[in-house]
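Participant: Compact mmCIF, C-alpha atoms, file final-v4.txt:
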# COMPACT_ATOMS: atom_id res chain seq x y z
CA MET X 13 0.00 0.00 0.00
CA SER X 14 1.18 3.47 -0.73
CA ASP X 15 0.27 6.63 1.08
CA ASN X 16 -1.85 8.99 -0.93
CA PRO X 17 -1.62 12.28 0.89
CA GLN X 18 -4.80 14.30 0.69
CA PRO X 19 -4.48 17.91 -0.36
CA ASN X 20 -5.00 20.36 2.46
CA ARG X 21 -8.70 21.18 2.49
CA PRO X 22 -9.11 23.94 5.07
CA ASP X 23 -12.56 24.80 3.78
CA GLN X 24 -13.86 21.26 4.32
CA LEU X 25 -14.79 21.86 7.95
CA SER X 26 -15.28 24.81 10.24
CA ILE X 27 -16.01 24.69 13.94
CA GLU X 28 -17.19 27.49 16.18
CA GLN X 29 -17.72 27.27 19.91
CA SER X 30 -19.79 29.28 22.33
CA VAL X 31 -21.26 28.85 25.79
CA VAL X 32 -25.00 29.27 26.35
CA ASP X 33 -26.24 29.07 29.95
CA GLY X 34 -23.27 26.92 30.95
CA VAL X 35 -23.64 24.56 27.98
CA ARG X 36 -20.85 24.44 25.42
CA VAL X 37 -22.26 24.68 21.91
CA VAL X 38 -20.00 23.32 19.17
CA THR X 39 -21.27 24.35 15.75
CA VAL X 40 -19.86 22.28 12.92
CA VAL X 41 -20.13 23.15 9.22
CA GLY X 42 -18.88 21.04 6.31
CA GLU X 43 -17.96 17.37 6.00
CA ILE X 44 -16.83 15.12 8.83
CA ASP X 45 -14.52 12.36 7.68
CA HIS X 46 -11.15 10.78 8.48
CA ASP X 47 -9.24 13.86 7.31
CA VAL X 48 -10.84 16.13 9.92
CA LYS X 49 -11.55 13.79 12.83
CA ASN X 50 -8.66 15.16 14.88
CA VAL X 51 -9.94 18.72 14.50
CA LEU X 52 -13.39 17.66 15.71
CA THR X 53 -11.91 15.63 18.56
CA GLU X 54 -9.90 18.64 19.75
CA ALA X 55 -13.03 20.80 19.64
CA LEU X 56 -15.11 18.35 21.67
CA LEU X 57 -12.44 17.16 24.08
CA PRO X 58 -10.25 19.95 25.39
CA PRO X 59 -6.70 19.11 26.49
CA SER X 60 -6.25 17.26 29.77
CA GLY X 61 -6.53 19.56 32.73
CA ALA X 62 -8.47 22.23 30.84
CA VAL X 63 -11.71 23.24 32.49
CA SER X 64 -14.64 23.10 30.10
CA PRO X 65 -18.38 22.65 30.53
CA SER X 66 -19.20 18.96 30.65
CA ARG X 67 -22.53 19.62 28.97
CA ILE X 68 -22.13 19.87 25.21
CA VAL X 69 -24.50 20.36 22.29
CA VAL X 70 -23.03 19.56 18.90
CA ASP X 71 -24.91 21.55 16.26
CA LEU X 72 -24.68 19.49 13.06
CA SER X 73 -27.14 21.57 11.03
CA GLY X 74 -24.33 22.65 8.72
CA VAL X 75 -22.85 19.18 8.24
CA THR X 76 -23.53 17.69 4.81
CA PHE X 77 -21.62 14.41 5.22
CA MET X 78 -20.37 12.29 8.10
CA ASP X 79 -18.67 8.91 7.99
CA SER X 80 -17.69 6.47 10.74
CA SER X 81 -14.85 8.77 11.82
CA GLY X 82 -17.42 11.30 12.99
CA ILE X 83 -19.44 8.61 14.73
CA ASN X 84 -16.34 7.49 16.62
CA VAL X 85 -15.53 11.05 17.70
CA LEU X 86 -19.09 11.59 18.96
CA VAL X 87 -19.06 8.31 20.89
CA GLY X 88 -15.68 9.16 22.44
CA ALA X 89 -16.88 12.61 23.47
CA HIS X 90 -20.11 11.15 24.87
CA ARG X 91 -18.13 8.69 27.00
CA ALA X 92 -15.76 11.40 28.22
CA VAL X 93 -18.50 13.77 29.38
CA SER X 94 -20.59 10.94 30.80
CA ASP X 95 -17.62 10.03 33.00
CA THR X 96 -17.86 13.52 34.51
CA GLU X 97 -21.64 13.24 34.92
CA GLY X 98 -22.14 15.56 31.97
CA TRP X 99 -23.91 14.94 28.69
CA LEU X 100 -23.57 15.35 24.95
CA ARG X 101 -26.51 16.13 22.68
CA ILE X 102 -26.78 16.42 18.93
CA ALA X 103 -28.82 19.19 17.34
CA GLY X 104 -30.08 19.88 13.84
CA ALA X 105 -28.59 16.95 11.95
CA GLN X 106 -29.60 17.01 8.29
CA ASP X 107 -31.53 13.98 7.02
CA SER X 108 -28.46 12.32 5.44
CA VAL X 109 -26.44 12.65 8.66
CA LEU X 110 -29.37 11.68 10.88
CA HIS X 111 -29.86 8.59 8.74
CA VAL X 112 -26.26 7.52 9.45
CA LEU X 113 -26.73 8.19 13.16
CA ARG X 114 -29.87 6.05 13.21
CA ILE X 115 -28.37 3.18 11.20
CA VAL X 116 -25.59 2.71 13.76
CA GLY X 117 -27.88 3.36 16.73
CA ILE X 118 -26.19 6.51 18.00
CA ASP X 119 -29.60 8.13 18.44
CA GLU X 120 -30.28 5.48 21.11
CA VAL X 121 -27.17 6.52 23.06
CA ILE X 122 -26.83 10.23 22.34
CA SER X 123 -29.91 12.41 22.47
CA CYS X 124 -30.69 13.88 19.03
CA HIS X 125 -32.82 17.02 18.68
CA ALA X 126 -34.28 18.74 15.63
CA THR X 127 -33.01 22.18 16.65
CA LEU X 128 -30.34 23.77 18.79
CA GLU X 129 -33.02 25.40 20.93
CA GLN X 130 -34.63 22.01 21.66
CA ALA X 131 -31.26 20.49 22.59
CA LEU X 132 -30.49 23.35 24.96
CA SER X 133 -33.89 23.31 26.66
CA SER X 134 -34.36 19.54 26.94
CA PRO X 135 -34.45 18.29 30.55
Let me see whether you can do it: turn the structure in this file into structure tokens.

Facilitator:
Amino acid sequence: MSDNPQPNRPDQLSIEQSVVDGVRVVTVVGEIDHDVKNVLTEALLPPSGAVSPSRIVVDLSGVTFMDSSGINVLVGAHRAVSDTEGWLRIAGAQDSVLHVLRIVGIDEVISCHATLEQALSSP
């Protein structure tokens, strides 16, 4: 096997973070695949020792594609915040992304909401 380096695609994914009522909102736009999984992981799981809200909503309304790399990042983040008695919720996933989440059963483990507002206000 030979390595086929991928061209740098900085416009493939953008991530913005904010805090709303003590909940960290991570807004993701673009495609989530193997090439960007580390960027998403760093956004969801701050470095060891960093203090960050353990309640996270991942707004996927701007995500047009997600493969198993994204699923693995979400599961890892869910486990990490659950260990601190926090939670991770998904908001606004487009139909194609929601379909992937349902096929693998993530929606049974991580709460999925139609909108960011619903995810933030859910008990």

Participant: From the set X:Ala105, X:Leu57, X:Ile115, X:Val70, which residue has the shortest atom-to-atom contact distance to X:Gly88, counting all atoms listed in the file?

Facilitator: X:Leu57

Participant: One number please: atom CA of X:Val32 to atom CA of X:Leu128, in Å, one decimal.

Facilitator: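 So the answer is 10.8 Å.
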
Participant: Just the number, please: distance in Å from atom CA of X:Leu113 to atom CA of X:Ser80, one decimal.

Facilitator: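 Atom-to-atom, atom CA of X:Leu113 to atom CA of X:Ser80, that is 9.5 Å.
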
Participant: So that I can see what lies close to X:Leu52, please list as a PyMOL selection string the residues with an atom at most 9 Å from it, counting all atoms listed in the file and leaving out residues fewer than 4 positions away in the same chain.

Facilitator: chain X and resi 25+27+40+44+48+56-57+82+85-86

Participant: What is the distance, in Å and to one decimal place, between atom CA of X:His111 and atom CA of X:Gln29?

Facilitator: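 Distance between the two atoms: 24.9 Å.
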
Participant: Calculated over all atoms listed in the file, which of the candidates X:Val112, X:Ser134, X:Thr127, X:Pro58 has the smallest distance to X:Val93?

Facilitator: X:Pro58

Participant: What's the 12 Å shell around X:Glu97, counting only C-alpha atoms, without same-chain residues fewer than 5 positions away, as a ChimeraX atom specification?

Facilitator: /X:65-68,90-92

Participant: How would stretch 66-84 of chain X read, as a short mmCIF file (atom, residue, chain, number, x, y, z; two decimals), keeping the file's coordinate frame, once N, CA, C and O atoms are built in?

Facilitator:
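As a result, rebuild-v3.cif now contains:
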data_model
loop_
_atom_site.label_atom_id
_atom_site.label_comp_id
_atom_site.auth_asym_id
_atom_site.auth_seq_id
_atom_site.Cartn_x
_atom_site.Cartn_y
_atom_site.Cartn_z
N SER X 66 -19.04 20.37 30.98
CA SER X 66 -19.20 18.96 30.65
C SER X 66 -20.56 18.68 30.01
O SER X 66 -20.93 17.54 29.82
N ARG X 67 -21.28 19.75 29.71
CA ARG X 67 -22.53 19.62 28.97
C ARG X 67 -22.29 20.25 27.60
O ARG X 67 -21.94 21.42 27.51
N ILE X 68 -22.47 19.44 26.56
CA ILE X 68 -22.13 19.87 25.21
C ILE X 68 -23.28 19.59 24.25
O ILE X 68 -23.85 18.50 24.27
N VAL X 69 -23.59 20.57 23.41
CA VAL X 69 -24.50 20.36 22.29
C VAL X 69 -23.67 20.52 21.03
O VAL X 69 -22.99 21.53 20.85
N VAL X 70 -23.71 19.50 20.18
CA VAL X 70 -23.03 19.56 18.90
C VAL X 70 -24.08 19.89 17.84
O VAL X 70 -24.97 19.08 17.57
N ASP X 71 -23.97 21.09 17.29
CA ASP X 71 -24.91 21.55 16.26
C ASP X 71 -24.40 21.07 14.90
O ASP X 71 -23.41 21.58 14.39
N LEU X 72 -25.08 20.08 14.33
CA LEU X 72 -24.68 19.49 13.06
C LEU X 72 -25.53 20.00 11.89
O LEU X 72 -25.50 19.42 10.81
N SER X 73 -26.25 21.09 12.09
CA SER X 73 -27.14 21.57 11.03
C SER X 73 -26.39 21.98 9.77
O SER X 73 -26.97 21.97 8.68
N GLY X 74 -25.12 22.29 9.88
CA GLY X 74 -24.33 22.65 8.72
C GLY X 74 -23.46 21.54 8.18
O GLY X 74 -22.62 21.75 7.30
N VAL X 75 -23.65 20.32 8.69
CA VAL X 75 -22.85 19.18 8.24
C VAL X 75 -23.59 18.46 7.12
O VAL X 75 -24.73 18.04 7.28
N THR X 76 -22.91 18.32 5.99
CA THR X 76 -23.53 17.69 4.81
C THR X 76 -23.14 16.23 4.64
O THR X 76 -23.79 15.51 3.89
N PHE X 77 -22.08 15.80 5.34
CA PHE X 77 -21.62 14.41 5.22
C PHE X 77 -20.90 14.04 6.50
O PHE X 77 -20.16 14.85 7.06
N MET X 78 -21.12 12.80 6.96
CA MET X 78 -20.37 12.29 8.10
C MET X 78 -20.18 10.80 7.92
O MET X 78 -21.14 10.07 7.64
N ASP X 79 -18.94 10.34 8.08
CA ASP X 79 -18.67 8.91 7.99
C ASP X 79 -18.41 8.35 9.40
O ASP X 79 -18.65 9.02 10.40
N SER X 80 -17.90 7.14 9.45
CA SER X 80 -17.69 6.47 10.74
C SER X 80 -16.68 7.21 11.62
O SER X 80 -16.72 7.08 12.84
N SER X 81 -15.81 8.00 11.02
CA SER X 81 -14.85 8.77 11.82
C SER X 81 -15.60 9.73 12.73
O SER X 81 -15.26 9.89 13.90
N GLY X 82 -16.61 10.39 12.20
CA GLY X 82 -17.42 11.30 12.99
C GLY X 82 -18.19 10.59 14.08
O GLY X 82 -18.30 11.08 15.21
N ILE X 83 -18.72 9.42 13.74
CA ILE X 83 -19.44 8.61 14.73
C ILE X 83 -18.51 8.28 15.89
O ILE X 83 -18.88 8.43 17.07
N ASN X 84 -17.29 7.86 15.58
CA ASN X 84 -16.34 7.49 16.62
C ASN X 84 -15.98 8.68 17.51
O ASN X 84 -15.85 8.53 18.73
#
